[in-house]
file protein_5.txt (compact mmCIF, C-alpha atoms)
# COMPACT_ATOMS: atom_id res chain seq x y z
CA MET A 58 0.00 0.00 0.00
CA PRO A 59 1.54 3.43 -1.04
CA ASN A 60 2.88 5.48 1.91
CA ALA A 61 1.66 9.13 1.88
CA ASN A 62 4.88 10.36 3.54
CA LEU A 63 7.11 8.95 0.79
CA PRO A 64 8.27 11.16 -2.09
CA PRO A 65 6.29 10.70 -5.34
CA GLY A 66 7.46 7.80 -7.51
CA LEU A 67 9.05 5.94 -4.61
CA GLY A 68 5.80 4.03 -3.92
CA THR A 69 5.83 2.69 -7.43
CA ALA A 70 9.48 1.72 -7.05
CA LEU A 71 8.62 -0.14 -3.83
CA ASP A 72 5.80 -1.95 -5.59
CA GLU A 73 8.25 -3.01 -8.30
CA LEU A 74 10.67 -4.14 -5.61
CA ARG A 75 7.95 -6.21 -3.94
CA ALA A 76 7.04 -7.79 -7.29
CA THR A 77 10.73 -8.57 -7.91
CA LEU A 78 11.02 -10.15 -4.44
CA ASP A 79 7.91 -12.22 -5.16
CA ARG A 80 9.46 -13.42 -8.42
CA ALA A 81 12.70 -14.23 -6.59
CA ALA A 82 10.74 -16.21 -3.99
CA GLU A 83 8.97 -18.09 -6.80
CA LEU A 84 12.33 -18.86 -8.46
CA ALA A 85 13.74 -20.01 -5.12
CA ARG A 86 10.76 -22.37 -4.73
CA GLN A 87 11.40 -23.69 -8.25
CA LEU A 88 15.07 -24.17 -7.36
CA ASP A 89 14.05 -26.07 -4.24
CA ALA A 90 11.96 -28.31 -6.44
CA LYS A 91 14.88 -28.92 -8.88
CA PRO A 92 16.48 -31.93 -7.16
CA GLY A 93 13.35 -33.88 -8.11
CA SER A 94 13.69 -32.74 -11.71
CA ASP A 95 17.39 -33.77 -11.78
CA ALA A 96 16.41 -37.22 -10.60
CA ASP A 97 13.85 -37.37 -13.35
CA LEU A 98 16.45 -36.37 -15.94
CA GLU A 99 18.90 -38.88 -14.55
CA ALA A 100 16.30 -41.63 -14.79
CA ARG A 101 15.57 -40.69 -18.40
CA LEU A 102 19.29 -40.60 -19.15
CA ALA A 103 19.69 -44.09 -17.65
CA ASP A 104 16.80 -45.30 -19.84
CA VAL A 105 18.40 -43.82 -22.95
CA GLU A 106 21.75 -45.37 -22.02
CA SER A 107 20.10 -48.75 -21.51
CA ASP A 108 18.33 -48.44 -24.89
CA ARG A 109 21.62 -47.53 -26.51
CA ARG A 110 23.32 -50.59 -25.01
CA GLU A 111 20.49 -52.85 -26.15
CA LEU A 112 20.57 -51.40 -29.68
CA SER A 113 24.33 -51.81 -29.75
CA THR A 114 24.01 -55.49 -28.75
CA ARG A 115 21.29 -56.02 -31.35
CA LEU A 116 23.41 -54.34 -34.02
CA ALA A 117 26.34 -56.64 -33.18
CA ASP A 118 23.95 -59.64 -33.39
CA TYR A 119 22.59 -58.46 -36.75
CA GLU A 120 26.12 -57.92 -38.08
CA HIS A 121 27.00 -61.43 -36.97
CA GLN A 122 23.86 -62.83 -38.64
CA VAL A 123 24.63 -60.89 -41.82
CA GLY A 124 28.15 -62.38 -41.80
CA ARG A 125 26.71 -65.87 -41.33
CA LEU A 126 24.19 -65.42 -44.17
CA MET A 127 26.91 -63.96 -46.37
CA ASN A 128 29.03 -67.07 -45.80
CA LEU A 129 26.08 -69.29 -46.77
CA TYR A 130 25.30 -67.22 -49.86
CA VAL A 131 28.91 -67.13 -51.05
CA ALA A 132 29.38 -70.86 -50.43
CA THR A 133 26.22 -71.75 -52.40
CA TYR A 134 27.05 -69.31 -55.18
CA GLN A 135 30.57 -70.61 -55.55
CA LEU A 136 29.56 -74.30 -55.48
CA HIS A 137 27.24 -73.76 -58.44
CA ALA A 138 29.36 -71.19 -60.27
CA THR A 139 31.23 -73.74 -62.35
CA LEU A 140 30.72 -77.00 -64.26
CA ASP A 141 34.33 -78.07 -63.85
CA PRO A 142 34.48 -81.00 -61.36
CA ALA A 143 38.00 -80.05 -60.18
CA GLU A 144 36.84 -76.51 -59.44
CA VAL A 145 33.79 -77.75 -57.50
CA GLN A 146 36.08 -79.98 -55.39
CA SER A 147 38.38 -77.05 -54.84
CA THR A 148 35.40 -74.96 -53.66
CA ILE A 149 34.40 -77.69 -51.20
CA ALA A 150 37.96 -77.65 -49.84
CA GLU A 151 37.90 -73.83 -49.61
CA ILE A 152 34.61 -73.89 -47.69
CA ALA A 153 36.02 -76.48 -45.29
CA THR A 154 39.24 -74.55 -44.75
CA ASN A 155 38.25 -70.89 -44.99
CA LEU A 156 34.73 -70.93 -43.59
CA LEU A 157 34.69 -73.92 -41.23
CA GLY A 158 38.33 -73.79 -40.12
CA ALA A 159 39.04 -77.45 -40.97
CA GLU A 160 42.73 -78.31 -40.99
CA ARG A 161 42.33 -82.01 -41.79
CA PHE A 162 39.46 -83.50 -43.80
CA VAL A 163 38.55 -86.03 -46.50
CA LEU A 164 35.87 -86.07 -49.15
CA LEU A 165 34.57 -89.59 -49.76
CA PHE A 166 32.43 -90.96 -52.59
CA TRP A 167 31.03 -94.47 -52.87
CA LYS A 168 32.84 -96.37 -55.61
CA GLU A 169 30.65 -97.30 -58.55
CA SER A 170 31.38 -101.00 -58.05
CA ASP A 171 29.69 -102.70 -55.08
CA SER A 172 32.99 -103.08 -53.24
CA GLY A 173 31.71 -101.33 -50.12
CA GLU A 174 34.61 -98.91 -50.42
CA CYS A 175 34.73 -95.19 -50.92
CA GLU A 176 37.21 -93.34 -53.08
CA ILE A 177 38.93 -90.40 -51.40
CA ALA A 178 38.14 -87.69 -53.93
CA LEU A 179 39.92 -85.00 -51.95
CA SER A 180 41.96 -84.82 -48.78
CA GLN A 181 43.82 -82.16 -46.89
CA GLY A 182 46.26 -82.29 -43.99
CA MET A 183 46.24 -86.13 -44.02
CA GLU A 184 50.03 -86.54 -44.18
CA ASP A 185 50.27 -87.48 -40.46
CA GLU A 186 47.05 -89.49 -40.34
CA LYS A 187 47.64 -92.64 -38.30
CA SER A 188 44.24 -94.36 -38.02
CA GLY A 189 44.90 -96.36 -41.18
CA PHE A 190 41.30 -95.87 -42.37
CA TYR A 191 42.25 -93.57 -45.22
CA GLU A 192 44.97 -95.16 -47.28
CA LYS A 193 45.90 -95.38 -50.97
CA GLY A 194 42.97 -93.18 -51.96
CA ILE A 195 40.44 -95.57 -50.45
CA TYR A 196 38.26 -95.58 -47.34
CA GLY A 197 37.30 -99.19 -46.67
CA GLY A 198 35.24 -98.56 -43.52
CA GLY A 199 36.19 -98.79 -39.87
CA ASP A 200 35.28 -95.43 -38.31
CA PRO A 201 31.84 -96.00 -36.73
CA ALA A 202 30.61 -92.42 -37.20
CA VAL A 203 31.70 -92.25 -40.86
CA ASP A 204 30.22 -95.70 -41.57
CA ALA A 205 26.94 -94.69 -39.92
CA THR A 206 26.71 -91.45 -41.92
CA LEU A 207 27.53 -93.21 -45.18
CA SER A 208 24.81 -95.71 -44.35
CA ASP A 209 21.94 -93.56 -43.01
CA GLY A 210 22.75 -90.12 -44.48
CA VAL A 211 22.54 -88.37 -41.10
CA LEU A 212 24.82 -85.43 -40.30
CA ARG A 213 26.89 -86.16 -37.20
CA ILE A 214 28.82 -83.61 -35.20
CA GLY A 215 31.38 -84.87 -32.69
CA PRO A 216 32.95 -85.62 -30.44
CA ILE A 217 31.62 -89.10 -31.20
CA GLU A 218 32.70 -92.06 -29.07
CA GLY A 219 34.98 -94.44 -30.90
CA SER A 220 35.47 -92.02 -33.79
CA GLU A 221 38.13 -89.46 -34.50
CA ALA A 222 35.75 -87.52 -36.77
CA LEU A 223 34.64 -84.08 -35.58
CA ALA A 224 31.90 -83.96 -38.20
CA CYS A 225 30.54 -86.43 -40.76
CA VAL A 226 28.55 -84.63 -43.42
CA PRO A 227 26.49 -86.85 -45.73
CA LEU A 228 26.63 -85.84 -49.39
CA MET A 229 23.20 -86.33 -50.90
CA VAL A 230 21.93 -86.39 -54.46
CA GLN A 231 18.16 -86.75 -54.85
CA GLY A 232 17.81 -88.32 -51.41
CA THR A 233 20.62 -90.84 -51.92
CA THR A 234 23.85 -90.70 -49.94
CA VAL A 235 26.68 -90.72 -52.45
CA GLY A 236 29.50 -89.95 -50.03
CA ALA A 237 30.56 -87.91 -47.03
CA LEU A 238 32.77 -85.03 -46.01
CA VAL A 239 34.66 -86.06 -42.88
CA ILE A 240 36.28 -83.32 -40.80
CA LEU A 241 39.03 -84.77 -38.63
CA LYS A 242 40.75 -81.71 -37.16
CA LEU A 243 40.14 -77.99 -36.83
CA PHE A 244 42.77 -75.26 -36.76
CA ASP A 245 44.13 -74.71 -33.26
CA HIS A 246 42.54 -71.25 -32.99
CA LYS A 247 39.10 -72.77 -33.65
CA GLU A 248 38.26 -74.73 -30.51
CA ALA A 249 35.10 -76.42 -31.76
CA LEU A 250 32.42 -76.25 -34.42
CA LYS A 251 29.91 -73.54 -33.49
CA PRO A 252 26.12 -73.64 -33.85
CA GLU A 253 26.33 -71.38 -36.93
CA ASP A 254 28.70 -73.88 -38.57
CA ARG A 255 25.79 -76.32 -38.58
CA ASP A 256 24.17 -74.22 -41.35
CA LEU A 257 27.29 -74.51 -43.47
CA LEU A 258 27.49 -78.26 -42.87
CA ASP A 259 23.81 -78.62 -43.86
CA LEU A 260 24.50 -76.55 -46.96
CA LEU A 261 27.41 -78.79 -47.92
CA ALA A 262 25.25 -81.87 -47.38
CA ALA A 263 22.57 -80.50 -49.69
CA HIS A 264 24.65 -78.73 -52.34
CA ALA A 265 28.19 -80.12 -52.53
CA ALA A 266 27.34 -83.51 -53.99
CA SER A 267 24.70 -82.23 -56.41
CA ALA A 268 27.10 -79.52 -57.67
CA LEU A 269 29.87 -82.09 -58.12
CA PHE A 270 27.49 -84.64 -59.66
CA ALA A 271 26.18 -82.06 -62.17
CA ALA A 272 29.73 -80.99 -63.03
CA ARG A 273 30.84 -84.61 -63.57
CA VAL A 274 27.80 -85.36 -65.77
CA TYR A 275 28.44 -82.20 -67.79
CA SER A 276 32.12 -83.01 -68.13
CA THR A 277 31.38 -86.57 -69.35
CA THR A 278 28.68 -85.38 -71.75
CA ASP A 279 30.91 -82.64 -73.10
CA ARG A 280 33.75 -85.09 -73.66
CA LYS A 281 31.43 -87.53 -75.47
CA LEU A 282 29.99 -84.71 -77.56
CA LYS A 283 33.45 -83.59 -78.64
CA THR A 284 34.39 -87.17 -79.55
CA LEU A 285 31.22 -87.53 -81.62
CA GLU A 286 31.83 -84.18 -83.32
CA SER A 287 35.35 -85.29 -84.24
CA LEU A 288 33.99 -88.54 -85.62
CA VAL A 289 31.35 -86.73 -87.67
CA LYS A 290 34.03 -84.38 -89.07
CA LEU A 291 36.17 -87.37 -89.92
CA VAL A 292 33.30 -89.15 -91.69
CA ARG A 293 32.36 -85.99 -93.66
CA LYS A 294 35.95 -85.31 -94.68
CA PRO A 295 36.22 -85.73 -98.47
CA THR A 296 38.58 -88.50 -99.41
CA MET B 556 35.99 -38.61 -48.87
CA LYS B 557 37.00 -40.82 -51.79
CA PRO B 558 36.52 -44.54 -50.92
CA ARG B 559 39.77 -46.40 -50.36
CA LYS B 560 40.83 -48.81 -53.10
CA ILE B 561 41.80 -52.30 -51.92
CA LEU B 562 43.89 -54.92 -53.72
CA VAL B 563 42.91 -58.50 -52.80
CA VAL B 564 45.68 -61.05 -53.49
CA ASP B 565 44.35 -64.57 -52.82
CA ASP B 566 44.11 -67.77 -54.86
CA SER B 567 40.69 -68.63 -53.42
CA LYS B 568 37.77 -67.59 -55.63
CA LEU B 569 35.50 -68.15 -52.64
CA LEU B 570 37.32 -65.50 -50.64
CA HIS B 571 37.32 -63.06 -53.55
CA ARG B 572 33.54 -63.44 -53.71
CA MET B 573 33.34 -63.03 -49.94
CA PHE B 574 35.41 -59.83 -50.01
CA GLU B 575 33.21 -58.47 -52.82
CA MET B 576 30.17 -58.96 -50.62
CA MET B 577 31.77 -57.76 -47.42
CA LEU B 578 33.61 -54.73 -48.78
CA ARG B 579 30.95 -53.24 -51.03
CA GLN B 580 31.87 -49.74 -49.90
CA TYR B 581 35.42 -50.11 -51.24
CA PRO B 582 36.49 -50.41 -54.89
CA LEU B 583 38.33 -53.75 -55.15
CA VAL B 584 41.08 -54.92 -57.48
CA HIS B 585 41.47 -58.71 -57.71
CA ALA B 586 44.67 -60.75 -58.08
CA TYR B 587 45.05 -64.52 -57.76
CA ASP B 588 48.74 -64.88 -56.86
CA GLY B 589 51.72 -62.67 -55.99
CA GLN B 590 52.83 -62.19 -59.59
CA ASP B 591 49.31 -61.21 -60.60
CA GLY B 592 49.23 -58.84 -57.59
CA LEU B 593 52.37 -57.03 -58.76
CA GLU B 594 50.86 -56.61 -62.21
CA ARG B 595 47.66 -55.17 -60.73
CA LEU B 596 49.74 -52.79 -58.59
CA ALA B 597 51.57 -51.57 -61.70
CA GLU B 598 48.23 -50.85 -63.38
CA ASN B 599 46.61 -49.27 -60.30
CA ARG B 600 48.89 -46.70 -58.67
CA ASP B 601 46.08 -45.58 -56.32
CA ILE B 602 45.79 -48.73 -54.16
CA ASP B 603 45.30 -47.78 -50.50
CA LEU B 604 45.41 -51.20 -48.84
CA ILE B 605 46.37 -54.79 -49.68
CA LEU B 606 44.66 -57.96 -48.35
CA LEU B 607 47.21 -60.73 -48.80
CA ASP B 608 47.04 -64.51 -48.57
CA VAL B 609 50.30 -66.35 -47.88
CA ASN B 610 50.02 -69.73 -49.62
CA MET B 611 49.59 -69.08 -53.32
CA PRO B 612 50.96 -70.59 -56.54
CA ARG B 613 53.62 -68.89 -58.73
CA MET B 614 54.57 -66.22 -56.17
CA ASN B 615 53.52 -66.61 -52.54
CA GLY B 616 52.47 -63.83 -50.18
CA LEU B 617 55.86 -63.44 -48.48
CA GLU B 618 57.67 -63.09 -51.81
CA PHE B 619 55.08 -60.55 -52.94
CA LEU B 620 55.46 -58.61 -49.68
CA ALA B 621 59.26 -58.51 -50.07
CA VAL B 622 58.92 -56.94 -53.53
CA VAL B 623 56.31 -54.42 -52.33
CA LYS B 624 58.34 -53.35 -49.30
CA ALA B 625 61.49 -52.94 -51.42
CA ASP B 626 59.75 -50.34 -53.58
CA ALA B 627 59.79 -46.87 -51.99
CA GLN B 628 56.33 -45.95 -53.36
CA LEU B 629 54.58 -49.27 -52.77
CA ALA B 630 56.12 -49.74 -49.32
CA LYS B 631 53.74 -47.09 -47.95
CA ILE B 632 50.66 -49.21 -48.71
CA PRO B 633 49.49 -51.03 -45.56
CA VAL B 634 49.19 -54.81 -45.94
CA ILE B 635 46.85 -57.09 -43.96
CA VAL B 636 47.87 -60.75 -44.13
CA VAL B 637 44.88 -63.12 -44.13
CA THR B 638 46.10 -66.58 -43.24
CA THR B 639 45.27 -69.93 -41.65
CA GLU B 640 46.53 -71.14 -38.29
CA GLY B 641 48.94 -73.55 -39.97
CA ALA B 642 50.62 -70.60 -41.61
CA GLU B 643 50.93 -68.59 -38.38
CA LYS B 644 54.70 -68.64 -38.62
CA ASP B 645 54.36 -67.20 -42.10
CA ALA B 646 52.13 -64.47 -40.66
CA GLU B 647 54.80 -63.63 -38.09
CA LYS B 648 57.37 -63.50 -40.88
CA ALA B 649 55.01 -61.22 -42.80
CA LEU B 650 54.70 -58.87 -39.81
CA ALA B 651 58.48 -58.80 -39.51
CA ALA B 652 58.67 -58.05 -43.24
CA GLY B 653 56.42 -55.01 -42.86
CA ALA B 654 52.80 -56.24 -42.91
CA ALA B 655 50.58 -53.96 -40.80
CA ALA B 656 48.33 -56.68 -39.36
CA TYR B 657 47.15 -60.24 -39.81
CA VAL B 658 43.77 -61.95 -39.54
CA LYS B 659 43.28 -65.68 -39.11
CA LYS B 660 40.93 -67.69 -41.31
CA PRO B 661 38.13 -68.39 -40.72
CA PHE B 662 37.68 -64.76 -39.70
CA ARG B 663 34.71 -62.91 -38.30
CA ASN B 664 33.65 -60.28 -40.83
CA GLU B 665 33.56 -57.66 -38.06
CA ASP B 666 37.20 -58.33 -37.17
CA LEU B 667 38.45 -57.92 -40.72
CA LEU B 668 36.32 -54.81 -41.28
CA SER B 669 37.61 -53.28 -38.09
CA ALA B 670 41.25 -53.91 -39.14
CA ILE B 671 40.58 -52.41 -42.56
CA GLU B 672 38.82 -49.35 -41.14
CA LYS B 673 41.62 -48.75 -38.66
CA LEU B 674 44.30 -48.87 -41.35
CA THR B 675 42.41 -46.90 -43.99
CA ALA B 676 41.56 -44.20 -41.42
CA ALA B 677 45.19 -43.92 -40.38
CA ALA B 678 46.41 -43.73 -44.00
call {"tool": "encode", "arguments": {"input": "protein_5.txt", "output": "structure tokens"}}
result
Amino acid sequence: MPNANLPPGLGTALDELRATLDRAAELARQLDAKPGSDADLEARLADVESDRRELSTRLADYEHQVGRLMNLYVATYQLHATLDPAEVQSTIAEIATNLLGAERFVLLFWKESDSGECEIALSQGMEDEKSGFYEKGIYGGGDPAVDATLSDGVLRIGPIEGSEALACVPLMVQGTTVGALVILKLFDHKEALKPEDRDLLDLLAAHAASALFAARVYSTTDRKLKTLESLVKLVRKPT
Amino acid sequence: MKPRKILVVDDSKLLHRMFEMMLRQYPLVHAYDGQDGLERLAENRDIDLILLDVNMPRMNGLEFLAVVKADAQLAKIPVIVVTTEGAEKDAEKALAAGAAAYVKKPFRNEDLLSAIEKLTAAA
């Protein structure tokens, strides 16, 4: 309330001062309330940090999955990219070495005669092999896991009792087992086959033999065709 | 920034295909043995990084590395040796001969990408 004894204008100044003090008091009250607001901000920050961590984990998982799918795609692509049997075999070896980390392995195919033996179409790292099962380019049986896979066409991943094989991958063509890829040792830095390797082993079971079979059929047909063409040329040659 | 150009020297077609998929953001130059790698280097003077296998026909990775490191211009290009466990001694020899890093096969894509990014960023 304006004081009559005060000089003119001072009352207004006092009113302004009171209003300023009121605003200051209001700000002080807001400041008192701030610790609560900090806690709120901290909680939100913690939420954001937790979301960031979860997204980061998911991103790493997705990257890993993308890598796994890429391996599968490249392996399939490369297996069917050629009709040269030697190149298909080389691709199978590259998949075993570069994607599965196999240091020692053999690729077996049933011999066409009913000898009960398999020819060793491809082998790697077998120089120090001591089991005696894989000799002179022939597997004559003896490893229970390999024999079982060759017989029932089931993929087996070791360790398997009584067998030195870490994995026996059946090679199938139109539902028939025509051979097996036997992995006997992994590189030292790869302790064991991982769950994602199972996909690659399944892929090999389904695609390796059919790719090799198609390449062999093509190669034989091509050779026969060239022989016939030569014969036809010879017959048509004017004497 | 201009994407870094990478020379891949490896006799495995599978790995060349893999690198094509994995390193889509980088222009790649392909070579299938050391001799082929040197020819590609002569044709492409703007290579920023080399991915090098050790066991290859004609000229292996260590022989290729020796030639590269003996050339004042080429010696500046960082080399990542991509090798198997059995060739770990070769990888150590490669590091001693001037390779910047090595990655063991089978590698995790993330690990190789991280090594490449580190070296291309530093270059």
call {"tool": "closest_residue", "arguments": {"input": "protein_5.txt", "among": "B:Leu569, B:Val564, B:Ala586, B:Ile632", "to": "chain A", "atoms": "only C-alpha atoms"}}
result
B:Leu569
call {"tool": "interface_residues", "arguments": {"input": "protein_5.txt", "of": "chain A", "to": "chain B", "cutoff": "6 Å", "atoms": "all atoms listed in the file", "output": "number ranges by chain"}}
result
A: 124, 155-156, 158, 244
call {"tool": "residues_around", "arguments": {"input": "protein_5.txt", "residues": "Leu607 in chain B", "least_positions_apart": "6", "cutoff": "8 Å", "atoms": "all atoms listed in the file", "output": "list in words"}}
result
Val563, Val564, Asp565, Gly616, Val634, Ile635, Val636 and Val637 of chain B
call {"tool": "atom_distance", "arguments": {"input": "protein_5.txt", "atom1": "CA of Gln135 in chain A", "atom2": "CA of Val274 in chain A"}}
result
18.2 Å
call {"tool": "atom_distance", "arguments": {"input": "protein_5.txt", "atom1": "CA of Glu221 in chain A", "atom2": "CA of Leu257 in chain A"}}
result
20.5 Å
call {"tool": "residues_around", "arguments": {"input": "protein_5.txt", "residues": "Gly173 in chain A", "least_positions_apart": "4", "cutoff": "10 Å", "atoms": "only C-alpha atoms", "output": "PDB file with C-alpha atoms, in the frame of the given file"}}
result
ATOM      1  CA  TRP A 167      31.030 -94.470 -52.870  1.00  0.00           C
ATOM      2  CA  LYS A 168      32.840 -96.370 -55.610  1.00  0.00           C
ATOM      3  CA  GLU A 169      30.650 -97.300 -58.550  1.00  0.00           C
ATOM      4  CA  TYR A 196      38.260 -95.580 -47.340  1.00  0.00           C
ATOM      5  CA  GLY A 197      37.300 -99.190 -46.670  1.00  0.00           C
ATOM      6  CA  GLY A 198      35.240 -98.560 -43.520  1.00  0.00           C
TER       7      GLY A 198
END
call {"tool": "atom_distance", "arguments": {"input": "protein_5.txt", "atom1": "CA of Ala670 in chain B", "atom2": "CA of Val131 in chain A"}}
result
21.7 Å
call {"tool": "closest_residue", "arguments": {"input": "protein_5.txt", "among": "B:Leu562, B:Tyr581, B:Ala621, B:Asp608", "to": "Leu596 in chain B", "atoms": "only C-alpha atoms"}}
result
B:Leu562
call {"tool": "residues_near_point", "arguments": {"input": "protein_5.txt", "point": "(33.5, -83.4, -59.0)", "cutoff": "12 Å", "atoms": "all atoms listed in the file", "output": "NGL selection string"}}
result
:A and (136-137 or 139-150 or 164-166 or 177-179 or 235-236 or 265-277)
call {"tool": "residues_near_point", "arguments": {"input": "protein_5.txt", "point": "(45.1, -44.2, -41.5)", "cutoff": "12 Å", "atoms": "only C-alpha atoms", "output": "PyMOL selection string"}}
result
chain B and resi 559+603-604+631-633+655+670-678
call {"tool": "write_last_selection", "arguments": {"input": "protein_5.txt", "atoms": "C-alpha atoms", "output": "short mmCIF file (atom, residue, chain, number, x, y, z; two decimals), keeping the file's coordinate frame"}}
result
data_model
loop_
_atom_site.label_atom_id
_atom_site.label_comp_id
_atom_site.auth_asym_id
_atom_site.auth_seq_id
_atom_site.Cartn_x
_atom_site.Cartn_y
_atom_site.Cartn_z
CA ARG B 559 39.77 -46.40 -50.36
CA ASP B 603 45.30 -47.78 -50.50
CA LEU B 604 45.41 -51.20 -48.84
CA LYS B 631 53.74 -47.09 -47.95
CA ILE B 632 50.66 -49.21 -48.71
CA PRO B 633 49.49 -51.03 -45.56
CA ALA B 655 50.58 -53.96 -40.80
CA ALA B 670 41.25 -53.91 -39.14
CA ILE B 671 40.58 -52.41 -42.56
CA GLU B 672 38.82 -49.35 -41.14
CA LYS B 673 41.62 -48.75 -38.66
CA LEU B 674 44.30 -48.87 -41.35
CA THR B 675 42.41 -46.90 -43.99
CA ALA B 676 41.56 -44.20 -41.42
CA ALA B 677 45.19 -43.92 -40.38
CA ALA B 678 46.41 -43.73 -44.00
#
call {"tool": "residues_around", "arguments": {"input": "protein_5.txt", "residues": "Met611 in chain B", "least_positions_apart": "2", "cutoff": "6 Å", "atoms": "only C-alpha atoms", "output": "MDAnalysis selection string"}}
result
chainID B and resid 566 588 615
call {"tool": "closest_residue", "arguments": {"input": "protein_5.txt", "among": "A:Lys193, A:Arg213, A:Lys283, A:Lys247", "to": "Thr154 in chain A", "atoms": "only C-alpha atoms"}}
result
A:Lys247
call {"tool": "residues_around", "arguments": {"input": "protein_5.txt", "residues": "Leu207 in chain A", "least_positions_apart": "5", "cutoff": "9 Å", "atoms": "all atoms listed in the file", "output": "PyMOL selection string"}}
result
chain A and resi 167+202+225-228+234-237
call {"tool": "write_last_selection", "arguments": {"input": "protein_5.txt", "atoms": "C-alpha atoms", "output": "short mmCIF file (atom, residue, chain, number, x, y, z; two decimals), in the coordinates of the input"}}
result
data_model
loop_
_atom_site.label_atom_id
_atom_site.label_comp_id
_atom_site.auth_asym_id
_atom_site.auth_seq_id
_atom_site.Cartn_x
_atom_site.Cartn_y
_atom_site.Cartn_z
CA TRP A 167 31.03 -94.47 -52.87
CA ALA A 202 30.61 -92.42 -37.20
CA CYS A 225 30.54 -86.43 -40.76
CA VAL A 226 28.55 -84.63 -43.42
CA PRO A 227 26.49 -86.85 -45.73
CA LEU A 228 26.63 -85.84 -49.39
CA THR A 234 23.85 -90.70 -49.94
CA VAL A 235 26.68 -90.72 -52.45
CA GLY A 236 29.50 -89.95 -50.03
CA ALA A 237 30.56 -87.91 -47.03
#
call {"tool": "decode", "arguments": {"input": "protein_5.txt", "residues": "range 116-128 of chain A", "atoms": "N, CA and C atoms", "output": "mmCIF file, in the first residue's frame"}}
result
data_model
loop_
_atom_site.group_PDB
_atom_site.id
_atom_site.type_symbol
_atom_site.label_atom_id
_atom_site.label_comp_id
_atom_site.auth_asym_id
_atom_site.auth_seq_id
_atom_site.Cartn_x
_atom_site.Cartn_y
_atom_site.Cartn_z
ATOM 1 N N LEU A 116 22.673 -54.638 -32.787
ATOM 2 C CA LEU A 116 23.412 -54.344 -34.018
ATOM 3 C C LEU A 116 24.544 -55.354 -34.213
ATOM 4 N N ALA A 117 25.249 -55.652 -33.104
ATOM 5 C CA ALA A 117 26.343 -56.639 -33.183
ATOM 6 C C ALA A 117 25.774 -58.001 -33.599
ATOM 7 N N ASP A 118 24.597 -58.364 -33.020
ATOM 8 C CA ASP A 118 23.951 -59.637 -33.388
ATOM 9 C C ASP A 118 23.590 -59.653 -34.869
ATOM 10 N N TYR A 119 22.997 -58.533 -35.342
ATOM 11 C CA TYR A 119 22.594 -58.459 -36.753
ATOM 12 C C TYR A 119 23.816 -58.566 -37.658
ATOM 13 N N GLU A 120 24.890 -57.869 -37.269
ATOM 14 C CA GLU A 120 26.117 -57.920 -38.085
ATOM 15 C C GLU A 120 26.629 -59.353 -38.170
ATOM 16 N N HIS A 121 26.550 -60.047 -37.022
ATOM 17 C CA HIS A 121 26.999 -61.434 -36.971
ATOM 18 C C HIS A 121 26.121 -62.309 -37.885
ATOM 19 N N GLN A 122 24.807 -62.071 -37.803
ATOM 20 C CA GLN A 122 23.862 -62.832 -38.644
ATOM 21 C C GLN A 122 24.118 -62.546 -40.119
ATOM 22 N N VAL A 123 24.365 -61.266 -40.434
ATOM 23 C CA VAL A 123 24.633 -60.888 -41.824
ATOM 24 C C VAL A 123 25.886 -61.623 -42.312
ATOM 25 N N GLY A 124 26.914 -61.668 -41.456
ATOM 26 C CA GLY A 124 28.150 -62.381 -41.801
ATOM 27 C C GLY A 124 27.884 -63.849 -42.064
ATOM 28 N N ARG A 125 27.040 -64.441 -41.207
ATOM 29 C CA ARG A 125 26.706 -65.867 -41.331
ATOM 30 C C ARG A 125 25.959 -66.122 -42.649
ATOM 31 N N LEU A 126 24.967 -65.269 -42.938
ATOM 32 C CA LEU A 126 24.193 -65.425 -44.170
ATOM 33 C C LEU A 126 25.073 -65.198 -45.401
ATOM 34 N N MET A 127 25.999 -64.246 -45.257
ATOM 35 C CA MET A 127 26.914 -63.963 -46.366
ATOM 36 C C MET A 127 27.761 -65.194 -46.678
ATOM 37 N N ASN A 128 28.247 -65.841 -45.617
ATOM 38 C CA ASN A 128 29.032 -67.072 -45.798
ATOM 39 C C ASN A 128 28.216 -68.121 -46.552
#
